[in-house]
file entry06.cif (mmCIF, C-alpha atoms)
data_upload
#
loop_
_atom_site.group_PDB
_atom_site.id
_atom_site.type_symbol
_atom_site.label_atom_id
_atom_site.label_comp_id
_atom_site.auth_asym_id
_atom_site.auth_seq_id
_atom_site.Cartn_x
_atom_site.Cartn_y
_atom_site.Cartn_z
ATOM 1 C CA MET Z 604 280.319 152.166 -113.611
ATOM 2 C CA THR Z 605 279.974 148.934 -115.567
ATOM 3 C CA MET Z 606 281.935 148.800 -118.798
ATOM 4 C CA ALA Z 607 280.145 147.372 -121.831
ATOM 5 C CA ALA Z 608 281.548 144.317 -123.546
ATOM 6 C CA PRO Z 609 283.846 145.072 -126.478
ATOM 7 C CA SER Z 610 281.901 145.219 -129.724
ATOM 8 C CA PHE Z 611 282.719 145.999 -133.321
ATOM 9 C CA ASP Z 612 281.587 148.617 -135.755
ATOM 10 C CA PRO Z 613 280.097 146.295 -138.414
ATOM 11 C CA ALA Z 614 280.769 148.502 -141.416
ATOM 12 C CA PRO Z 615 284.132 147.264 -142.813
ATOM 13 C CA SER Z 616 283.700 144.150 -144.964
ATOM 14 C CA PHE Z 617 286.913 142.342 -143.955
ATOM 15 C CA GLY Z 618 286.776 142.987 -140.241
ATOM 16 C CA PRO Z 619 286.439 145.977 -137.964
ATOM 17 C CA LYS Z 620 288.716 148.989 -137.943
ATOM 18 C CA ILE Z 621 287.491 150.148 -134.540
ATOM 19 C CA ILE Z 622 286.386 148.426 -131.357
ATOM 20 C CA ARG Z 623 284.286 149.772 -128.502
ATOM 21 C CA ILE Z 624 286.257 149.681 -125.259
ATOM 22 C CA ALA Z 625 283.936 151.732 -123.053
ATOM 23 C CA PRO Z 626 280.638 153.605 -123.397
ATOM 24 C CA ASN Z 627 281.009 156.031 -126.324
ATOM 25 C CA VAL Z 628 284.729 155.248 -126.650
ATOM 26 C CA TRP Z 629 285.945 153.473 -129.800
ATOM 27 C CA MET Z 630 289.575 152.459 -130.229
ATOM 28 C CA PRO Z 631 291.242 151.899 -133.627
ATOM 29 C CA MET Z 632 292.205 148.271 -134.193
ATOM 30 C CA LEU Z 633 295.649 149.437 -135.337
ATOM 31 C CA SER Z 634 297.780 152.015 -133.522
ATOM 32 C CA MET Z 635 301.344 153.213 -133.987
ATOM 33 C CA GLY Z 636 303.800 153.476 -131.131
ATOM 34 C CA VAL Z 637 307.098 155.368 -131.038
ATOM 35 C CA SER Z 638 308.164 156.162 -134.610
ATOM 36 C CA THR Z 639 309.516 158.917 -136.823
ATOM 37 C CA LEU Z 640 306.752 158.131 -139.351
ATOM 38 C CA ARG Z 641 303.655 159.042 -137.377
ATOM 39 C CA MET Z 642 302.708 161.812 -139.819
ATOM 40 C CA GLU Z 643 302.919 159.360 -142.695
ATOM 41 C CA PHE Z 644 300.890 156.822 -140.710
ATOM 42 C CA VAL Z 645 298.093 159.358 -140.230
ATOM 43 C CA GLN Z 646 298.195 160.500 -143.861
ATOM 44 C CA LEU Z 647 297.877 156.855 -144.944
ATOM 45 C CA GLY Z 648 294.735 156.494 -142.842
ATOM 46 C CA GLY Z 649 296.078 155.481 -139.412
ATOM 47 C CA ARG Z 650 294.162 156.839 -136.445
ATOM 48 C CA GLY Z 651 295.671 155.370 -133.268
ATOM 49 C CA LEU Z 652 298.779 156.922 -131.683
ATOM 50 C CA ASP Z 653 300.373 155.320 -128.635
ATOM 51 C CA THR Z 654 302.759 157.099 -126.275
ATOM 52 C CA GLY Z 655 303.604 157.368 -122.575
ATOM 53 C CA VAL Z 656 304.059 160.043 -119.937
ATOM 54 C CA ASP Z 657 307.177 158.062 -119.005
ATOM 55 C CA TYR Z 658 308.634 157.905 -122.538
ATOM 56 C CA GLY Z 659 310.726 161.033 -122.105
ATOM 57 C CA GLU Z 660 311.076 164.475 -123.638
ATOM 58 C CA TRP Z 661 312.217 163.235 -127.062
ATOM 59 C CA GLU Z 662 309.008 161.251 -127.465
ATOM 60 C CA HIS Z 663 306.839 164.192 -126.415
ATOM 61 C CA LYS Z 664 308.644 166.401 -128.925
ATOM 62 C CA ASN Z 665 308.320 163.798 -131.680
ATOM 63 C CA LEU Z 666 304.581 163.345 -131.205
ATOM 64 C CA ARG Z 667 303.974 167.075 -130.728
ATOM 65 C CA GLN Z 668 305.568 167.760 -134.118
ATOM 66 C CA THR Z 669 303.078 165.429 -135.790
ATOM 67 C CA LEU Z 670 300.119 166.984 -133.982
ATOM 68 C CA ASN Z 671 301.295 170.524 -134.744
ATOM 69 C CA LYS Z 672 301.702 169.704 -138.452
ATOM 70 C CA LEU Z 673 298.133 168.440 -138.556
ATOM 71 C CA LYS Z 674 296.926 171.600 -136.822
ATOM 72 C CA ARG Z 675 298.771 173.852 -139.283
ATOM 73 C CA MET Z 676 297.316 171.893 -142.179
ATOM 74 C CA LYS Z 677 293.868 172.218 -140.566
ATOM 75 C CA SER Z 678 293.594 168.524 -141.248
ATOM 76 C CA SER Z 679 290.350 166.743 -140.480
ATOM 77 C CA ASP Z 680 292.521 163.784 -139.457
ATOM 78 C CA LEU Z 681 293.320 165.529 -136.170
ATOM 79 C CA ALA Z 682 289.753 165.243 -134.893
ATOM 80 C CA ASN Z 683 289.693 161.528 -135.663
ATOM 81 C CA LEU Z 684 292.878 160.594 -133.813
ATOM 82 C CA PHE Z 685 292.811 158.305 -130.798
ATOM 83 C CA VAL Z 686 295.730 159.014 -128.463
ATOM 84 C CA THR Z 687 296.726 156.504 -125.794
ATOM 85 C CA SER Z 688 299.215 157.364 -123.060
ATOM 86 C CA LYS Z 689 300.609 155.553 -120.040
ATOM 87 C CA ILE Z 690 301.545 156.537 -116.522
ATOM 88 C CA PRO Z 691 304.184 154.580 -114.575
ATOM 89 C CA CYS Z 692 303.399 152.900 -111.268
ATOM 90 C CA CYS Z 693 306.345 153.893 -109.091
ATOM 91 C CA PRO Z 694 308.348 152.755 -107.305
ATOM 92 C CA ALA Z 695 308.657 149.974 -109.852
ATOM 93 C CA THR Z 696 309.763 146.388 -109.353
ATOM 94 C CA PRO Z 697 313.468 146.679 -108.401
ATOM 95 C CA GLU Z 698 316.435 145.009 -110.037
ATOM 96 C CA GLY Z 699 316.599 142.345 -107.348
ATOM 97 C CA ASP Z 700 313.035 141.075 -107.701
ATOM 98 C CA GLY Z 701 313.154 137.644 -109.320
ATOM 99 C CA SER Z 702 309.425 137.490 -110.092
ATOM 100 C CA LEU Z 703 309.884 139.248 -113.423
ATOM 101 C CA GLY Z 704 312.154 138.590 -116.349
ATOM 102 C CA LYS Z 705 315.504 140.363 -116.460
ATOM 103 C CA ARG Z 706 314.253 142.627 -119.268
ATOM 104 C CA TRP Z 707 311.534 144.209 -117.128
ATOM 105 C CA ARG Z 708 313.581 144.464 -113.941
ATOM 106 C CA GLY Z 709 316.027 146.623 -115.850
ATOM 107 C CA ILE Z 710 313.583 148.864 -117.707
ATOM 108 C CA TRP Z 711 310.815 149.847 -115.320
ATOM 109 C CA PRO Z 712 312.849 151.470 -112.513
ATOM 110 C CA LYS Z 713 314.625 153.659 -115.073
ATOM 111 C CA MET Z 714 311.277 154.843 -116.476
ATOM 112 C CA CYS Z 715 310.290 156.004 -112.993
ATOM 113 C CA ILE Z 716 313.162 158.493 -112.753
ATOM 114 C CA GLY Z 717 311.641 161.940 -112.289
ATOM 115 C CA LEU Z 718 308.106 160.566 -112.132
ATOM 116 C CA ASP Z 719 307.907 159.130 -108.622
ATOM 117 C CA GLY Z 720 305.506 160.579 -106.122
ATOM 118 C CA GLY Z 721 302.528 158.256 -106.324
ATOM 119 C CA PRO Z 722 298.870 159.107 -106.902
ATOM 120 C CA GLU Z 723 299.169 162.587 -105.387
ATOM 121 C CA ARG Z 724 301.238 163.728 -108.378
ATOM 122 C CA LEU Z 725 299.527 161.681 -111.092
ATOM 123 C CA HIS Z 726 297.167 164.490 -112.092
ATOM 124 C CA MET Z 727 300.097 166.895 -112.430
ATOM 125 C CA TYR Z 728 302.103 164.491 -114.606
ATOM 126 C CA VAL Z 729 299.157 163.839 -116.920
ATOM 127 C CA GLN Z 730 298.271 167.522 -117.267
ATOM 128 C CA ARG Z 731 301.911 168.383 -117.968
ATOM 129 C CA SER Z 732 302.047 165.757 -120.679
ATOM 130 C CA LEU Z 733 298.815 167.044 -122.238
ATOM 131 C CA ARG Z 734 300.192 170.592 -122.286
ATOM 132 C CA ARG Z 735 303.406 169.439 -123.964
ATOM 133 C CA LEU Z 736 301.389 167.705 -126.666
ATOM 134 C CA GLY Z 737 298.790 170.438 -127.035
ATOM 135 C CA LEU Z 738 295.917 168.072 -126.250
ATOM 136 C CA ALA Z 739 292.796 168.637 -124.172
ATOM 137 C CA HIS Z 740 292.613 165.014 -123.020
ATOM 138 C CA PHE Z 741 293.870 161.495 -123.641
ATOM 139 C CA ASP Z 742 291.445 159.056 -125.174
ATOM 140 C CA LEU Z 743 292.925 156.242 -123.097
ATOM 141 C CA LEU Z 744 295.280 156.348 -120.112
ATOM 142 C CA LEU Z 745 296.970 153.130 -119.002
ATOM 143 C CA LEU Z 746 298.692 152.227 -115.748
ATOM 144 C CA HIS Z 747 301.939 151.030 -117.318
ATOM 145 C CA TRP Z 748 302.580 148.143 -114.902
ATOM 146 C CA PRO Z 749 301.621 147.041 -111.374
ATOM 147 C CA CYS Z 750 303.403 148.822 -108.545
ATOM 148 C CA LEU Z 751 305.950 147.166 -106.297
ATOM 149 C CA LYS Z 752 303.290 147.013 -103.549
ATOM 150 C CA TRP Z 753 299.661 146.128 -104.187
ATOM 151 C CA ASN Z 754 298.258 148.947 -102.050
ATOM 152 C CA HIS Z 755 300.204 151.405 -104.238
ATOM 153 C CA THR Z 756 298.663 149.863 -107.350
ATOM 154 C CA ILE Z 757 295.173 150.334 -105.900
ATOM 155 C CA SER Z 758 295.947 153.928 -104.894
ATOM 156 C CA MET Z 759 297.139 154.713 -108.407
ATOM 157 C CA TRP Z 760 294.033 153.149 -109.902
ATOM 158 C CA ARG Z 761 291.794 155.204 -107.639
ATOM 159 C CA ALA Z 762 293.603 158.333 -108.843
ATOM 160 C CA MET Z 763 293.036 157.292 -112.452
ATOM 161 C CA GLU Z 764 289.333 156.793 -111.733
ATOM 162 C CA ARG Z 765 289.237 160.395 -110.512
ATOM 163 C CA LEU Z 766 290.907 161.581 -113.750
ATOM 164 C CA LEU Z 767 288.178 159.805 -115.702
ATOM 165 C CA GLN Z 768 285.452 161.383 -113.602
ATOM 166 C CA LYS Z 769 287.043 164.803 -114.182
ATOM 167 C CA ARG Z 770 287.127 164.076 -117.947
ATOM 168 C CA VAL Z 771 290.871 164.557 -118.174
ATOM 169 C CA VAL Z 772 290.839 161.169 -119.926
ATOM 170 C CA ARG Z 773 288.043 159.403 -121.827
ATOM 171 C CA SER Z 774 288.858 155.880 -120.653
ATOM 172 C CA ILE Z 775 291.323 154.114 -118.373
ATOM 173 C CA GLY Z 776 293.079 150.773 -118.439
ATOM 174 C CA VAL Z 777 296.238 148.899 -117.538
ATOM 175 C CA SER Z 778 299.289 147.445 -119.231
ATOM 176 C CA ASN Z 779 301.441 144.392 -118.439
ATOM 177 C CA PHE Z 780 298.940 142.915 -115.952
ATOM 178 C CA ASP Z 781 298.788 139.122 -115.926
ATOM 179 C CA ALA Z 782 295.507 137.237 -115.447
ATOM 180 C CA LYS Z 783 295.728 136.993 -111.658
ATOM 181 C CA THR Z 784 296.733 140.620 -111.092
ATOM 182 C CA LEU Z 785 294.044 141.870 -113.481
ATOM 183 C CA GLU Z 786 291.324 139.890 -111.719
ATOM 184 C CA GLN Z 787 292.468 141.219 -108.331
ATOM 185 C CA LEU Z 788 292.231 144.783 -109.622
ATOM 186 C CA VAL Z 789 288.761 144.257 -111.099
ATOM 187 C CA HIS Z 790 287.462 142.990 -107.751
ATOM 188 C CA MET Z 791 288.639 146.171 -106.008
ATOM 189 C CA ALA Z 792 288.019 148.777 -108.714
ATOM 190 C CA ALA Z 793 285.039 151.106 -108.818
ATOM 191 C CA ILE Z 794 285.577 151.399 -112.569
ATOM 192 C CA LYS Z 795 286.770 148.334 -114.439
ATOM 193 C CA PRO Z 796 289.790 148.724 -116.757
ATOM 194 C CA ALA Z 797 288.709 149.195 -120.346
ATOM 195 C CA VAL Z 798 291.944 147.774 -121.773
ATOM 196 C CA ASN Z 799 294.894 145.585 -120.799
ATOM 197 C CA GLN Z 800 297.827 146.208 -123.165
ATOM 198 C CA CYS Z 801 300.431 143.424 -123.173
ATOM 199 C CA GLY Z 802 303.135 141.995 -125.431
ATOM 200 C CA LEU Z 803 301.725 139.225 -127.625
ATOM 201 C CA THR Z 804 302.717 137.340 -130.759
ATOM 202 C CA VAL Z 805 301.397 134.443 -132.811
ATOM 203 C CA GLY Z 806 302.043 131.282 -130.853
ATOM 204 C CA PHE Z 807 301.834 133.216 -127.576
ATOM 205 C CA HIS Z 808 305.590 133.711 -127.201
ATOM 206 C CA GLY Z 809 305.146 136.615 -124.798
ATOM 207 C CA TYR Z 810 306.121 136.820 -121.142
ATOM 208 C CA PRO Z 811 303.325 135.335 -118.953
ATOM 209 C CA GLU Z 812 304.401 137.423 -115.942
ATOM 210 C CA VAL Z 813 303.412 140.587 -117.828
ATOM 211 C CA GLY Z 814 300.285 139.251 -119.508
ATOM 212 C CA GLY Z 815 301.753 137.981 -122.781
ATOM 213 C CA ASP Z 816 300.004 134.611 -122.626
ATOM 214 C CA LYS Z 817 296.728 132.977 -123.593
ATOM 215 C CA ALA Z 818 295.597 132.807 -119.957
ATOM 216 C CA THR Z 819 295.626 136.607 -119.738
ATOM 217 C CA LEU Z 820 293.913 136.980 -123.113
ATOM 218 C CA ASP Z 821 291.200 134.545 -121.987
ATOM 219 C CA LYS Z 822 290.808 136.338 -118.644
ATOM 220 C CA CYS Z 823 290.297 139.645 -120.456
ATOM 221 C CA ARG Z 824 287.560 138.078 -122.543
ATOM 222 C CA GLU Z 825 285.938 136.597 -119.445
ATOM 223 C CA LEU Z 826 285.938 140.019 -117.768
ATOM 224 C CA ASN Z 827 284.870 141.910 -120.941
ATOM 225 C CA ILE Z 828 288.133 143.867 -121.000
ATOM 226 C CA THR Z 829 289.743 144.622 -124.357
ATOM 227 C CA TYR Z 830 293.139 142.972 -124.703
ATOM 228 C CA GLN Z 831 295.487 145.103 -126.824
ATOM 229 C CA ALA Z 832 298.716 143.575 -128.149
ATOM 230 C CA TYR Z 833 302.021 145.406 -128.440
ATOM 231 C CA GLY Z 834 305.123 143.892 -130.030
ATOM 232 C CA PRO Z 835 303.126 141.632 -132.405
ATOM 233 C CA HIS Z 836 306.313 140.828 -134.345
ATOM 234 C CA GLY Z 837 308.110 139.598 -131.259
ATOM 235 C CA LEU Z 838 310.715 142.299 -130.692
ATOM 236 C CA THR Z 839 309.434 142.931 -127.153
ATOM 237 C CA THR Z 840 308.569 139.303 -126.443
ATOM 238 C CA LYS Z 841 310.559 136.072 -126.194
ATOM 239 C CA MET Z 842 310.854 135.450 -129.910
ATOM 240 C CA ASP Z 843 311.204 137.449 -133.132
ATOM 241 C CA VAL Z 844 308.414 135.578 -134.883
ATOM 242 C CA LEU Z 845 309.303 137.067 -138.260
ATOM 243 C CA SER Z 846 312.657 135.284 -138.290
ATOM 244 C CA GLY Z 847 312.410 131.587 -138.948
ATOM 245 C CA ASN Z 848 308.913 130.756 -137.683
ATOM 246 C CA ARG Z 849 307.994 128.016 -140.151
ATOM 247 C CA VAL Z 850 304.246 128.096 -139.492
ATOM 248 C CA LEU Z 851 304.061 131.844 -139.972
ATOM 249 C CA GLY Z 852 306.170 131.525 -143.138
ATOM 250 C CA ALA Z 853 303.889 128.844 -144.566
ATOM 251 C CA VAL Z 854 300.699 130.807 -143.871
ATOM 252 C CA SER Z 855 302.329 133.935 -145.297
ATOM 253 C CA ALA Z 856 303.227 132.120 -148.527
ATOM 254 C CA ARG Z 857 299.743 130.627 -148.797
ATOM 255 C CA CYS Z 858 298.074 134.040 -148.353
ATOM 256 C CA GLY Z 859 300.501 135.944 -150.536
ATOM 257 C CA ARG Z 860 301.073 138.429 -147.712
ATOM 258 C CA SER Z 861 304.160 139.244 -145.658
ATOM 259 C CA ALA Z 862 304.805 137.556 -142.325
ATOM 260 C CA SER Z 863 304.357 140.952 -140.655
ATOM 261 C CA GLU Z 864 300.903 141.412 -142.172
ATOM 262 C CA VAL Z 865 299.834 137.886 -141.238
ATOM 263 C CA ALA Z 866 301.016 138.381 -137.632
ATOM 264 C CA LEU Z 867 298.961 141.576 -137.346
ATOM 265 C CA ARG Z 868 295.943 140.032 -139.034
ATOM 266 C CA TRP Z 869 296.011 137.022 -136.692
ATOM 267 C CA ALA Z 870 295.755 139.283 -133.651
ATOM 268 C CA MET Z 871 293.079 141.561 -135.044
ATOM 269 C CA GLN Z 872 290.977 138.711 -136.379
ATOM 270 C CA GLU Z 873 290.939 137.467 -132.763
ATOM 271 C CA TRP Z 874 289.333 140.787 -131.690
ATOM 272 C CA THR Z 875 292.697 142.037 -130.432
ATOM 273 C CA PRO Z 876 293.710 145.613 -131.298
ATOM 274 C CA VAL Z 877 297.417 146.001 -132.048
ATOM 275 C CA VAL Z 878 300.145 148.580 -131.402
ATOM 276 C CA PHE Z 879 303.137 148.395 -133.739
ATOM 277 C CA SER Z 880 306.216 150.536 -134.285
ATOM 278 C CA SER Z 881 308.219 150.947 -137.478
ATOM 279 C CA ASN Z 882 310.480 153.508 -139.116
ATOM 280 C CA ASN Z 883 310.130 151.819 -142.509
ATOM 281 C CA TYR Z 884 307.550 153.519 -144.744
ATOM 282 C CA SER Z 885 306.783 150.422 -146.801
ATOM 283 C CA HIS Z 886 306.149 148.420 -143.632
ATOM 284 C CA VAL Z 887 303.836 151.109 -142.270
ATOM 285 C CA ARG Z 888 301.897 151.185 -145.527
ATOM 286 C CA ALA Z 889 301.652 147.386 -145.662
ATOM 287 C CA ASN Z 890 300.490 147.150 -142.048
ATOM 288 C CA LEU Z 891 297.599 149.463 -142.817
ATOM 289 C CA GLY Z 892 296.519 147.019 -145.527
ATOM 290 C CA VAL Z 893 295.708 144.149 -143.184
ATOM 291 C CA PHE Z 894 291.995 144.926 -143.295
ATOM 292 C CA ASP Z 895 291.558 143.701 -146.873
ATOM 293 C CA PHE Z 896 292.147 139.982 -146.316
ATOM 294 C CA GLU Z 897 291.091 137.239 -143.918
ATOM 295 C CA LEU Z 898 292.810 134.174 -142.525
ATOM 296 C CA SER Z 899 291.038 130.831 -142.659
ATOM 297 C CA ARG Z 900 290.043 128.987 -139.503
ATOM 298 C CA GLU Z 901 292.826 126.496 -140.142
ATOM 299 C CA ASP Z 902 295.366 129.294 -140.560
ATOM 300 C CA MET Z 903 294.201 130.833 -137.289
ATOM 301 C CA ARG Z 904 294.499 127.495 -135.491
ATOM 302 C CA GLN Z 905 298.010 126.869 -136.796
ATOM 303 C CA LEU Z 906 299.195 130.359 -135.899
ATOM 304 C CA GLU Z 907 297.877 130.041 -132.345
ATOM 305 C CA ASN Z 908 300.237 127.092 -131.920
ATOM 306 C CA ALA Z 909 303.107 128.414 -134.057
#
call {"tool": "encode", "arguments": {"input": "entry06.cif", "output": "structure tokens"}}
result
Amino acid sequence: MTMAAPSFDPAPSFGPKIIRIAPNVWMPMLSMGVSTLRMEFVQLGGRGLDTGVDYGEWEHKNLRQTLNKLKRMKSSDLANLFVTSKIPCCPATPEGDGSLGKRWRGIWPKMCIGLDGGPERLHMYVQRSLRRLGLAHFDLLLLHWPCLKWNHTISMWRAMERLLQKRVVRSIGVSNFDAKTLEQLVHMAAIKPAVNQCGLTVGFHGYPEVGGDKATLDKCRELNITYQAYGPHGLTTKMDVLSGNRVLGAVSARCGRSASEVALRWAMQEWTPVVFSSNNYSHVRANLGVFDFELSREDMRQLENA
């Protein structure tokens, strides 16, 4: 199967609110990750919800409460939601592997606890997660990171291709794949990843080893794979860009918008969907307002080098 190039719904006047990531699959440009304000996000017009099979029982319960409330309200919003989930590639890179930053060496093995077993158990884990959430399918399923061994990564991807063919998921992709690893996967895949979700901020202060750099963004564009940014404010990257970034502050003052809004707008104006998390209602509301302004070419250039 050949995935179509990402393309926008042309309707919104200040930029797209959805992007096509695969045939007949449209992803919201703005999604919310783990938060206690998901219901409020949806009521304010948000449509993308991001979670993970490996995020634990609390997260499943939290998201299920939002979905159940929408069902009880018989809300039309429920039918318009786009739910992304992730499956871990286990065993993960161990503590002693120096190829990744200390942050990732410590997190990934812990997220594999109780979820090891490889591709043979992937279908079971995904179906269990769907049952917990009361969903018939995931709109997008991501391989959360590359496995410790490349042949395990390929085996997991093959299993995800089978889930897509069985319509358990509507599209499949990866997360935290750098440019080289992504290209290797594309060469071996029967179905190309629709999305690569990585940590990215203005100025590209992400971790290159997990795809948070311009080289990976450019490789995604070359391969017609949608690059989706998580941590756009820097909390999961090398720098909290909202604290003391002079370029971002200057552009924010010039636009009359918050630094948070400008950071989101920069990514989305570059055709990059964003996942953010917040437990602050005013921040959630403001983030959903980033579609009503544009950054100038000069602003975009400065922010790329911030």
call {"tool": "resolve_selection", "arguments": {"input": "entry06.cif", "expression": "the PyMOL selection byres ((chain Z and resi 683) around 10)", "output": "PDB file with C-alpha atoms, keeping the file's coordinate frame"}}
result
ATOM      1  CA  PRO Z 631     291.242 151.899-133.627  1.00  0.00           C
ATOM      2  CA  VAL Z 645     298.093 159.358-140.230  1.00  0.00           C
ATOM      3  CA  GLY Z 649     296.078 155.481-139.412  1.00  0.00           C
ATOM      4  CA  ARG Z 650     294.162 156.839-136.445  1.00  0.00           C
ATOM      5  CA  GLY Z 651     295.671 155.370-133.268  1.00  0.00           C
ATOM      6  CA  SER Z 678     293.594 168.524-141.248  1.00  0.00           C
ATOM      7  CA  SER Z 679     290.350 166.743-140.480  1.00  0.00           C
ATOM      8  CA  ASP Z 680     292.521 163.784-139.457  1.00  0.00           C
ATOM      9  CA  LEU Z 681     293.320 165.529-136.170  1.00  0.00           C
ATOM     10  CA  ALA Z 682     289.753 165.243-134.893  1.00  0.00           C
ATOM     11  CA  LEU Z 684     292.878 160.594-133.813  1.00  0.00           C
ATOM     12  CA  PHE Z 685     292.811 158.305-130.798  1.00  0.00           C
ATOM     13  CA  VAL Z 686     295.730 159.014-128.463  1.00  0.00           C
TER      14      VAL Z 686
END
call {"tool": "atom_distance", "arguments": {"input": "entry06.cif", "atom1": "atom CA of Z:Gln730", "atom2": "atom CA of Z:Asn882"}}
result
28.7 Å
call {"tool": "resolve_selection", "arguments": {"input": "entry06.cif", "expression": "the PyMOL selection byres ((chain Z and resi 663) around 12)", "output": "number ranges by chain"}}
result
Z: 637-639, 653-662, 664-671, 688, 731-738
call {"tool": "resolve_selection", "arguments": {"input": "entry06.cif", "expression": "the PyMOL selection byres ((chain Z and resi 753) around 12)", "output": "list in words"}}
result
Cys692, Cys693, Pro694, Ala695, Thr696, Trp748, Pro749, Cys750, Leu751, Lys752, Asn754, His755, Thr756, Ile757, Ser758, Met759, Trp760, Thr784, Leu785, Gln787, Leu788 and Met791 of chain Z
call {"tool": "atom_distance", "arguments": {"input": "entry06.cif", "atom1": "atom CA of Z:Lys620", "atom2": "atom CA of Z:Leu898"}}
result
16.0 Å
call {"tool": "atom_distance", "arguments": {"input": "entry06.cif", "atom1": "atom CA of Z:Glu873", "atom2": "atom CA of Z:Pro835"}}
result
12.9 Å
call {"tool": "axis_aligned_box", "arguments": {"input": "entry06.cif", "around": "stretch 623-641 of chain Z", "padding_each_side": "8 Å", "output": "JSON"}}
result
{"center_x": 295.1, "center_y": 153.7, "center_z": -131.2, "size_x": 44.9, "size_y": 26.8, "size_z": 32.3}
call {"tool": "residues_around", "arguments": {"input": "entry06.cif", "residues": "stretch 818-824 of chain Z", "least_positions_apart": "5", "cutoff": "7 Å", "atoms": "only C-alpha atoms", "output": "MDAnalysis selection string"}}
result
chainID Z and resid 781:782 829:830
call {"tool": "closest_residue", "arguments": {"input": "entry06.cif", "among": "Z:Pro626, Z:Gly834, Z:Gly892, Z:Gly776", "to": "Z:Val798", "atoms": "all atoms listed in the file"}}
result
Z:Gly776
